[in-house]
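Student: Hey, dropping run-v1.pdb in here, PDB, C-alpha atoms:
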```
ATOM      1  CA  GLY A 226      66.992 137.183 -96.438
ATOM      2  CA  GLU A 227      66.244 134.473 -98.953
ATOM      3  CA  ASN A 228      62.762 132.952 -99.158
ATOM      4  CA  VAL A 229      62.030 129.746-101.094
ATOM      5  CA  GLU A 230      58.517 128.628-101.951
ATOM      6  CA  GLN A 231      57.837 125.090-103.117
ATOM      7  CA  HIS A 232      54.785 123.560-104.822
ATOM      8  CA  PRO A 233      52.946 121.280-104.630
ATOM      9  CA  SER A 234      53.079 120.098-101.045
ATOM     10  CA  THR A 235      51.881 116.634-102.057
ATOM     11  CA  LEU A 236      52.017 114.854-105.397
ATOM     12  CA  SER A 237      50.660 111.449-106.305
ATOM     13  CA  VAL A 238      51.522 109.847-109.646
ATOM     14  CA  GLN A 239      51.208 106.451-111.245
ATOM     15  CA  GLU A 240      54.345 104.397-111.727
ATOM     16  CA  GLY A 241      55.926 105.307-115.050
ATOM     17  CA  ASP A 242      54.476 108.812-115.130
ATOM     18  CA  SER A 243      56.517 111.984-114.782
ATOM     19  CA  ALA A 244      56.582 114.221-111.718
ATOM     20  CA  VAL A 245      57.386 117.932-111.610
ATOM     21  CA  ILE A 246      58.100 119.987-108.494
ATOM     22  CA  LYS A 247      58.515 123.754-108.705
ATOM     23  CA  CYS A 248      60.301 126.288-106.530
ATOM     24  CA  THR A 249      60.664 130.049-106.571
ATOM     25  CA  TYR A 250      63.265 132.105-104.733
ATOM     26  CA  SER A 251      63.459 135.745-103.774
ATOM     27  CA  ASP A 252      67.141 136.703-103.533
ATOM     28  CA  SER A 253      68.698 137.450-106.923
ATOM     29  CA  ALA A 254      72.144 136.861-105.369
ATOM     30  CA  SER A 255      71.397 133.157-104.958
ATOM     31  CA  ASN A 256      73.217 131.085-107.548
ATOM     32  CA  TYR A 257      73.277 127.542-106.166
ATOM     33  CA  PHE A 258      70.136 125.379-106.213
ATOM     34  CA  PRO A 259      70.287 121.822-104.856
ATOM     35  CA  TRP A 260      67.496 119.277-104.575
ATOM     36  CA  TYR A 261      67.315 116.783-101.728
ATOM     37  CA  LYS A 262      65.337 113.581-101.229
ATOM     38  CA  GLN A 263      64.436 112.570 -97.688
ATOM     39  CA  GLU A 264      63.162 109.118 -96.845
ATOM     40  CA  LEU A 265      61.560 108.213 -93.554
ATOM     41  CA  GLY A 266      64.072 108.105 -90.719
ATOM     42  CA  LYS A 267      66.923 109.415 -92.847
ATOM     43  CA  GLY A 268      68.616 112.717 -93.501
ATOM     44  CA  PRO A 269      68.179 114.607 -96.783
ATOM     45  CA  GLN A 270      70.154 113.120 -99.680
ATOM     46  CA  LEU A 271      71.483 115.378-102.433
ATOM     47  CA  ILE A 272      70.087 114.108-105.737
ATOM     48  CA  ILE A 273      71.010 116.908-108.131
ATOM     49  CA  ASP A 274      72.114 120.528-108.048
ATOM     50  CA  ILE A 275      72.427 123.370-110.520
ATOM     51  CA  ARG A 276      74.313 126.631-110.613
ATOM     52  CA  SER A 277      73.144 129.843-112.191
ATOM     53  CA  ASN A 278      75.495 129.640-115.149
ATOM     54  CA  VAL A 279      73.568 126.577-116.357
ATOM     55  CA  GLY A 280      69.934 126.455-117.466
ATOM     56  CA  GLU A 281      69.380 122.713-117.290
ATOM     57  CA  LYS A 282      71.088 119.653-115.874
ATOM     58  CA  LYS A 283      70.212 115.978-116.266
ATOM     59  CA  ASP A 284      71.184 112.834-114.430
ATOM     60  CA  GLN A 285      69.459 109.738-115.788
ATOM     61  CA  ARG A 286      65.752 110.075-114.898
ATOM     62  CA  ILE A 287      66.196 113.331-113.003
ATOM     63  CA  ALA A 288      66.529 116.807-114.475
ATOM     64  CA  VAL A 289      66.527 120.304-113.062
ATOM     65  CA  THR A 290      65.779 123.513-114.945
ATOM     66  CA  LEU A 291      66.549 127.038-113.838
ATOM     67  CA  ASN A 292      65.072 130.341-114.990
ATOM     68  CA  LYS A 293      67.112 133.095-113.336
ATOM     69  CA  THR A 294      65.032 135.889-114.813
ATOM     70  CA  ALA A 295      61.841 134.530-113.304
ATOM     71  CA  LYS A 296      63.652 133.233-110.216
ATOM     72  CA  HIS A 297      62.267 129.749-110.393
ATOM     73  CA  PHE A 298      63.656 126.256-110.764
ATOM     74  CA  SER A 299      62.031 122.878-111.186
ATOM     75  CA  LEU A 300      62.754 119.197-110.604
ATOM     76  CA  HIS A 301      61.591 116.723-113.230
ATOM     77  CA  ILE A 302      61.505 112.986-112.553
ATOM     78  CA  THR A 303      60.643 110.769-115.513
ATOM     79  CA  GLU A 304      59.532 107.124-115.507
ATOM     80  CA  THR A 305      58.776 107.276-111.786
ATOM     81  CA  GLN A 306      59.216 104.161-109.688
ATOM     82  CA  PRO A 307      57.812 103.260-106.239
ATOM     83  CA  GLU A 308      61.268 103.821-104.727
ATOM     84  CA  ASP A 309      61.040 107.475-105.792
ATOM     85  CA  SER A 310      58.382 107.928-103.085
ATOM     86  CA  ALA A 311      59.834 110.331-100.515
ATOM     87  CA  VAL A 312      59.801 113.995 -99.495
ATOM     88  CA  TYR A 313      61.711 116.264-101.867
ATOM     89  CA  PHE A 314      63.191 119.615-100.842
ATOM     90  CA  CYS A 315      64.532 122.392-103.005
ATOM     91  CA  ALA A 316      67.017 124.885-101.602
ATOM     92  CA  ALA A 317      68.842 128.035-102.609
ATOM     93  CA  SER A 318      71.994 129.812-101.500
ATOM     94  CA  MET A 319      74.965 131.744-102.731
ATOM     95  CA  ASP A 320      77.578 129.381-104.082
ATOM     96  CA  THR A 321      80.354 130.121-101.685
ATOM     97  CA  GLY A 322      82.079 127.792 -99.284
ATOM     98  CA  ARG A 323      80.153 129.332 -96.416
ATOM     99  CA  ARG A 324      76.753 128.819 -97.944
ATOM    100  CA  ALA A 325      73.664 128.571 -95.753
ATOM    101  CA  LEU A 326      70.918 126.719 -97.539
ATOM    102  CA  THR A 327      67.382 128.116 -97.449
ATOM    103  CA  PHE A 328      64.991 125.230 -97.975
ATOM    104  CA  GLY A 329      61.527 125.036 -99.456
ATOM    105  CA  SER A 330      58.768 123.467 -97.400
ATOM    106  CA  GLY A 331      58.988 120.094 -99.126
ATOM    107  CA  THR A 332      56.889 117.968-101.494
ATOM    108  CA  ARG A 333      55.672 114.534-100.494
ATOM    109  CA  LEU A 334      55.796 112.417-103.653
ATOM    110  CA  GLN A 335      53.886 109.154-103.713
ATOM    111  CA  VAL A 336      54.329 106.838-106.669
ATOM    112  CA  GLN A 337      51.447 104.369-106.967
ATOM    113  CA  PRO A 338      52.450 100.943-108.328
TER     114      PRO A 338
ATOM    115  CA  LYS B  11      83.335 105.339 -97.386
ATOM    116  CA  ALA B  12      81.682 106.233 -94.109
ATOM    117  CA  GLY B  13      79.008 108.902 -94.204
ATOM    118  CA  VAL B  14      78.214 111.659 -91.746
ATOM    119  CA  THR B  15      77.725 110.155 -88.290
ATOM    120  CA  GLN B  16      75.516 111.801 -85.703
ATOM    121  CA  THR B  17      75.185 110.687 -82.116
ATOM    122  CA  PRO B  18      73.011 110.004 -80.312
ATOM    123  CA  ARG B  19      70.141 109.122 -82.670
ATOM    124  CA  TYR B  20      67.474 109.823 -80.070
ATOM    125  CA  LEU B  21      67.442 111.953 -76.961
ATOM    126  CA  ILE B  22      64.804 112.871 -74.391
ATOM    127  CA  LYS B  23      65.468 115.853 -72.140
ATOM    128  CA  THR B  24      63.512 117.890 -69.630
ATOM    129  CA  ARG B  25      62.757 121.598 -69.985
ATOM    130  CA  GLY B  26      65.567 123.713 -68.571
ATOM    131  CA  GLN B  27      68.266 121.122 -69.151
ATOM    132  CA  GLN B  28      71.037 121.433 -71.684
ATOM    133  CA  VAL B  29      72.065 119.005 -74.388
ATOM    134  CA  THR B  30      75.109 118.344 -76.562
ATOM    135  CA  LEU B  31      74.865 116.684 -79.959
ATOM    136  CA  SER B  32      77.815 115.289 -81.870
ATOM    137  CA  CYS B  33      78.667 115.082 -85.567
ATOM    138  CA  SER B  34      81.550 113.303 -87.297
ATOM    139  CA  PRO B  35      81.894 114.492 -90.905
ATOM    140  CA  ILE B  36      83.020 112.483 -93.890
ATOM    141  CA  SER B  37      86.775 112.039 -93.864
ATOM    142  CA  GLY B  38      88.435 114.993 -95.578
ATOM    143  CA  HIS B  39      85.453 117.307 -95.188
ATOM    144  CA  ARG B  40      86.326 120.478 -93.303
ATOM    145  CA  SER B  41      82.957 122.227 -93.310
ATOM    146  CA  VAL B  42      80.188 121.193 -90.959
ATOM    147  CA  SER B  43      76.735 122.778 -90.924
ATOM    148  CA  TRP B  44      73.835 122.230 -88.562
ATOM    149  CA  TYR B  45      70.142 122.427 -89.420
ATOM    150  CA  GLN B  46      66.968 122.111 -87.356
ATOM    151  CA  GLN B  47      64.004 120.289 -88.905
ATOM    152  CA  THR B  48      60.495 120.636 -87.477
ATOM    153  CA  PRO B  49      57.061 119.988 -89.008
ATOM    154  CA  GLY B  50      56.088 123.624 -88.561
ATOM    155  CA  GLN B  51      59.238 125.506 -89.611
ATOM    156  CA  GLY B  52      60.813 122.959 -91.931
ATOM    157  CA  LEU B  53      64.573 122.891 -92.387
ATOM    158  CA  GLN B  54      66.345 125.887 -90.888
ATOM    159  CA  PHE B  55      70.035 126.729 -90.904
ATOM    160  CA  LEU B  56      71.696 127.006 -87.502
ATOM    161  CA  PHE B  57      75.405 127.569 -88.180
ATOM    162  CA  GLU B  58      78.390 126.496 -90.248
ATOM    163  CA  TYR B  59      81.951 125.782 -89.163
ATOM    164  CA  PHE B  60      85.110 125.529 -91.203
ATOM    165  CA  SER B  61      88.549 124.830 -89.745
ATOM    166  CA  GLU B  62      87.274 125.390 -86.198
ATOM    167  CA  THR B  63      85.800 128.819 -87.063
ATOM    168  CA  GLN B  64      82.139 129.712 -87.280
ATOM    169  CA  ARG B  65      81.693 131.208 -90.748
ATOM    170  CA  ASN B  66      77.948 131.635 -90.839
ATOM    171  CA  LYS B  67      75.097 131.754 -88.349
ATOM    172  CA  GLY B  68      71.344 131.476 -88.733
ATOM    173  CA  ASN B  69      68.626 133.304 -86.884
ATOM    174  CA  PHE B  70      68.501 131.305 -83.667
ATOM    175  CA  PRO B  71      68.813 132.517 -80.063
ATOM    176  CA  GLY B  72      72.107 132.439 -78.231
ATOM    177  CA  ARG B  73      71.023 129.262 -76.410
ATOM    178  CA  PHE B  74      72.123 127.449 -79.543
ATOM    179  CA  SER B  75      75.873 127.215 -79.896
ATOM    180  CA  GLY B  76      78.402 125.009 -81.563
ATOM    181  CA  ARG B  77      82.042 124.310 -82.013
ATOM    182  CA  GLN B  78      84.366 122.393 -84.266
ATOM    183  CA  PHE B  79      87.474 120.509 -83.299
ATOM    184  CA  SER B  80      90.776 120.206 -85.122
ATOM    185  CA  ASN B  81      89.712 116.833 -86.568
ATOM    186  CA  SER B  82      86.610 118.559 -88.058
ATOM    187  CA  ARG B  83      84.212 116.816 -85.689
ATOM    188  CA  SER B  84      81.563 119.196 -84.441
ATOM    189  CA  GLU B  85      79.254 119.524 -81.498
ATOM    190  CA  MET B  86      76.222 121.685 -80.981
ATOM    191  CA  ASN B  87      74.849 122.641 -77.606
ATOM    192  CA  VAL B  88      71.418 123.854 -76.623
ATOM    193  CA  SER B  89      71.079 125.334 -73.151
ATOM    194  CA  THR B  90      67.930 125.945 -71.113
ATOM    195  CA  LEU B  91      65.849 123.666 -73.303
ATOM    196  CA  GLU B  92      62.322 124.677 -74.243
ATOM    197  CA  LEU B  93      59.503 122.485 -75.516
ATOM    198  CA  GLY B  94      59.832 124.174 -78.901
ATOM    199  CA  ASP B  95      63.373 122.891 -79.255
ATOM    200  CA  SER B  96      61.993 119.426 -79.935
ATOM    201  CA  ALA B  97      63.173 118.679 -83.450
ATOM    202  CA  LEU B  98      65.377 116.618 -85.701
ATOM    203  CA  TYR B  99      68.859 118.153 -85.694
ATOM    204  CA  LEU B 100      70.800 117.462 -88.851
ATOM    205  CA  CYS B 101      74.480 117.816 -89.485
ATOM    206  CA  ALA B 102      75.891 118.182 -93.005
ATOM    207  CA  SER B 103      79.485 118.116 -94.143
ATOM    208  CA  SER B 104      81.326 119.332 -97.223
ATOM    209  CA  PHE B 105      84.854 120.000 -98.444
ATOM    210  CA  GLY B 106      84.035 123.624 -97.706
ATOM    211  CA  GLY B 107      84.526 125.418-100.974
ATOM    212  CA  PRO B 108      82.161 126.302-103.788
ATOM    213  CA  ASN B 109      81.254 123.549-106.249
ATOM    214  CA  TYR B 110      80.845 121.025-103.431
ATOM    215  CA  GLY B 111      77.500 119.805-102.182
ATOM    216  CA  TYR B 112      76.572 118.924 -98.644
ATOM    217  CA  THR B 113      76.097 115.377 -97.341
ATOM    218  CA  PHE B 114      73.666 115.082 -94.463
ATOM    219  CA  GLY B 115      73.699 112.672 -91.560
ATOM    220  CA  SER B 116      70.575 110.884 -90.340
ATOM    221  CA  GLY B 117      70.099 113.355 -87.536
ATOM    222  CA  THR B 118      69.494 113.375 -83.809
ATOM    223  CA  ARG B 119      65.849 113.354 -82.733
ATOM    224  CA  LEU B 120      65.566 115.553 -79.644
ATOM    225  CA  THR B 121      62.390 115.474 -77.581
ATOM    226  CA  VAL B 122      61.975 118.005 -74.776
ATOM    227  CA  VAL B 123      59.373 117.108 -72.155
TER     228      VAL B 123
END
```
Using structure tokens, write down the structure from this file.

Tutor:
Amino acid sequence: GENVEQHPSTLSVQEGDSAVIKCTYSDSASNYFPWYKQELGKGPQLIIDIRSNVGEKKDQRIAVTLNKTAKHFSLHITETQPEDSAVYFCAASMDTGRRALTFGSGTRLQVQP
Amino acid sequence: KAGVTQTPRYLIKTRGQQVTLSCSPISGHRSVSWYQQTPGQGLQFLFEYFSETQRNKGNFPGRFSGRQFSNSRSEMNVSTLELGDSALYLCASSFGGPNYGYTFGSGTRLTVV
């Protein structure tokens, strides 16, 4: 089955700096890669996703890049703010209606004011 | 619009008992998935239902079961509870086809004592 590795497990940055979280996956059949943000006491919130026919996707301060050949994808957050502090999860699956997401182990991002 | 609603939010059960958790998806969403979140194993896929049919199942023992009703609401049941079943159980809903992301609820925190 699919295996997703995520690094780093913790990341501390100063407000205004950029943050990068990286994930690798094992199953070449995977073609859907979402990123989730989870705040304390809440469920994961989808913040951005990318499909394998696209190499990069941006949404304001957030961007995701995908390298299918190397089987890795990354989340980039620019101009970080204290409210970006949370645990971030990457995931991978086949992009069908019956997808079962395989999650990475999570990255705890702390943005220091 | 209302999000994914999970009830109850917290639950304490004794080993050997059984438990039923409930999930009401976003209106119009026909796919409901369940995930288990623990500090040790992270987020793991349990099963996915679409139009009252289980379409996908994760690698969990048969003590874990679920169902979906005609109004898309879903329940999951865990029988003969073990201490290791203590976890946050998350429900996610989607329209059910490709190109749609999942929206998670806030989860049910189950503690087995």

Student: For chain B, work out the contacting residues on chain A at 12 Å, counting all atoms listed in the file, and write them as JSON, numbers by chain.

Tutor: {"A": [226, 227, 228, 229, 230, 231, 256, 257, 258, 259, 260, 261, 262, 263, 264, 265, 266, 267, 268, 269, 270, 271, 272, 273, 274, 275, 276, 277, 312, 313, 314, 315, 316, 317, 318, 319, 320, 321, 322, 323, 324, 325, 326, 327, 328, 329, 330, 331, 332]}

Student: Which residues, named as in the file, does the PyMOL selection byres ((chain B and resi 94) around 12) pick out? Answer as a list in words.

Tutor: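 For this structure, the PyMOL selection byres ((chain B and resi 94) around 12) resolves to Thr24, Arg25, Gly26, Gln46, Gln47, Thr48, Pro49, Gly50, Gln51, Val88, Thr90, Leu91, Glu92, Leu93, Asp95, Ser96, Ala97, Leu98, Leu120, Thr121, Val122 and Val123 of chain B.
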
Student: Run the PyMOL selection byres ((chain A and resi 290-307) around 9) against the file shown and list the residues it catches, as a PyMOL selection string.

Tutor: chain A and resi 238-253+256+258+260+273+275-277+279-283+285-289+308-310+315+335-338

Student: What separation in Å, quoted to one decimal, exists between CA of Asn81 in chain B and CA of Arg19 in chain B?

Tutor: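 One can read the CA of Asn81 in chain B to CA of Arg19 in chain B distance as 21.4 Å.
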
Student: Would you mind reading off the distance between CA of Cys33 in chain B and CA of Ala311 in chain A, one decimal, in Å?

Tutor: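 Taking CA of Cys33 in chain B and CA of Ala311 in chain A, their separation equals 24.5 Å.
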
Student: CA of Ser75 in chain B and CA of Ala12 in chain B, how far apart in Å?

Tutor: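 Between these atoms lies a distance of 26.0 Å.
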
Student: Between B:Ser89, B:Gln16, B:Gln27, B:Ser103, single out the one closest to Arg40 in chain B, counting all atoms listed in the file.

Tutor: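 Ranked by minimum distance to Arg40 in chain B, first place goes to B:Ser103.
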
Student: Padding of 6 Å on every side, edges along x, y and z, all listed atoms of range 84-92 of chain B included: what centre and edge lengths in Å, to one decimal, does that box have, as AutoDock Vina command-line options?

Tutor:
```
--center_x 71.9 --center_y 122.6 --center_z -77.8 --size_x 31.2 --size_y 18.7 --size_z 25.3
```
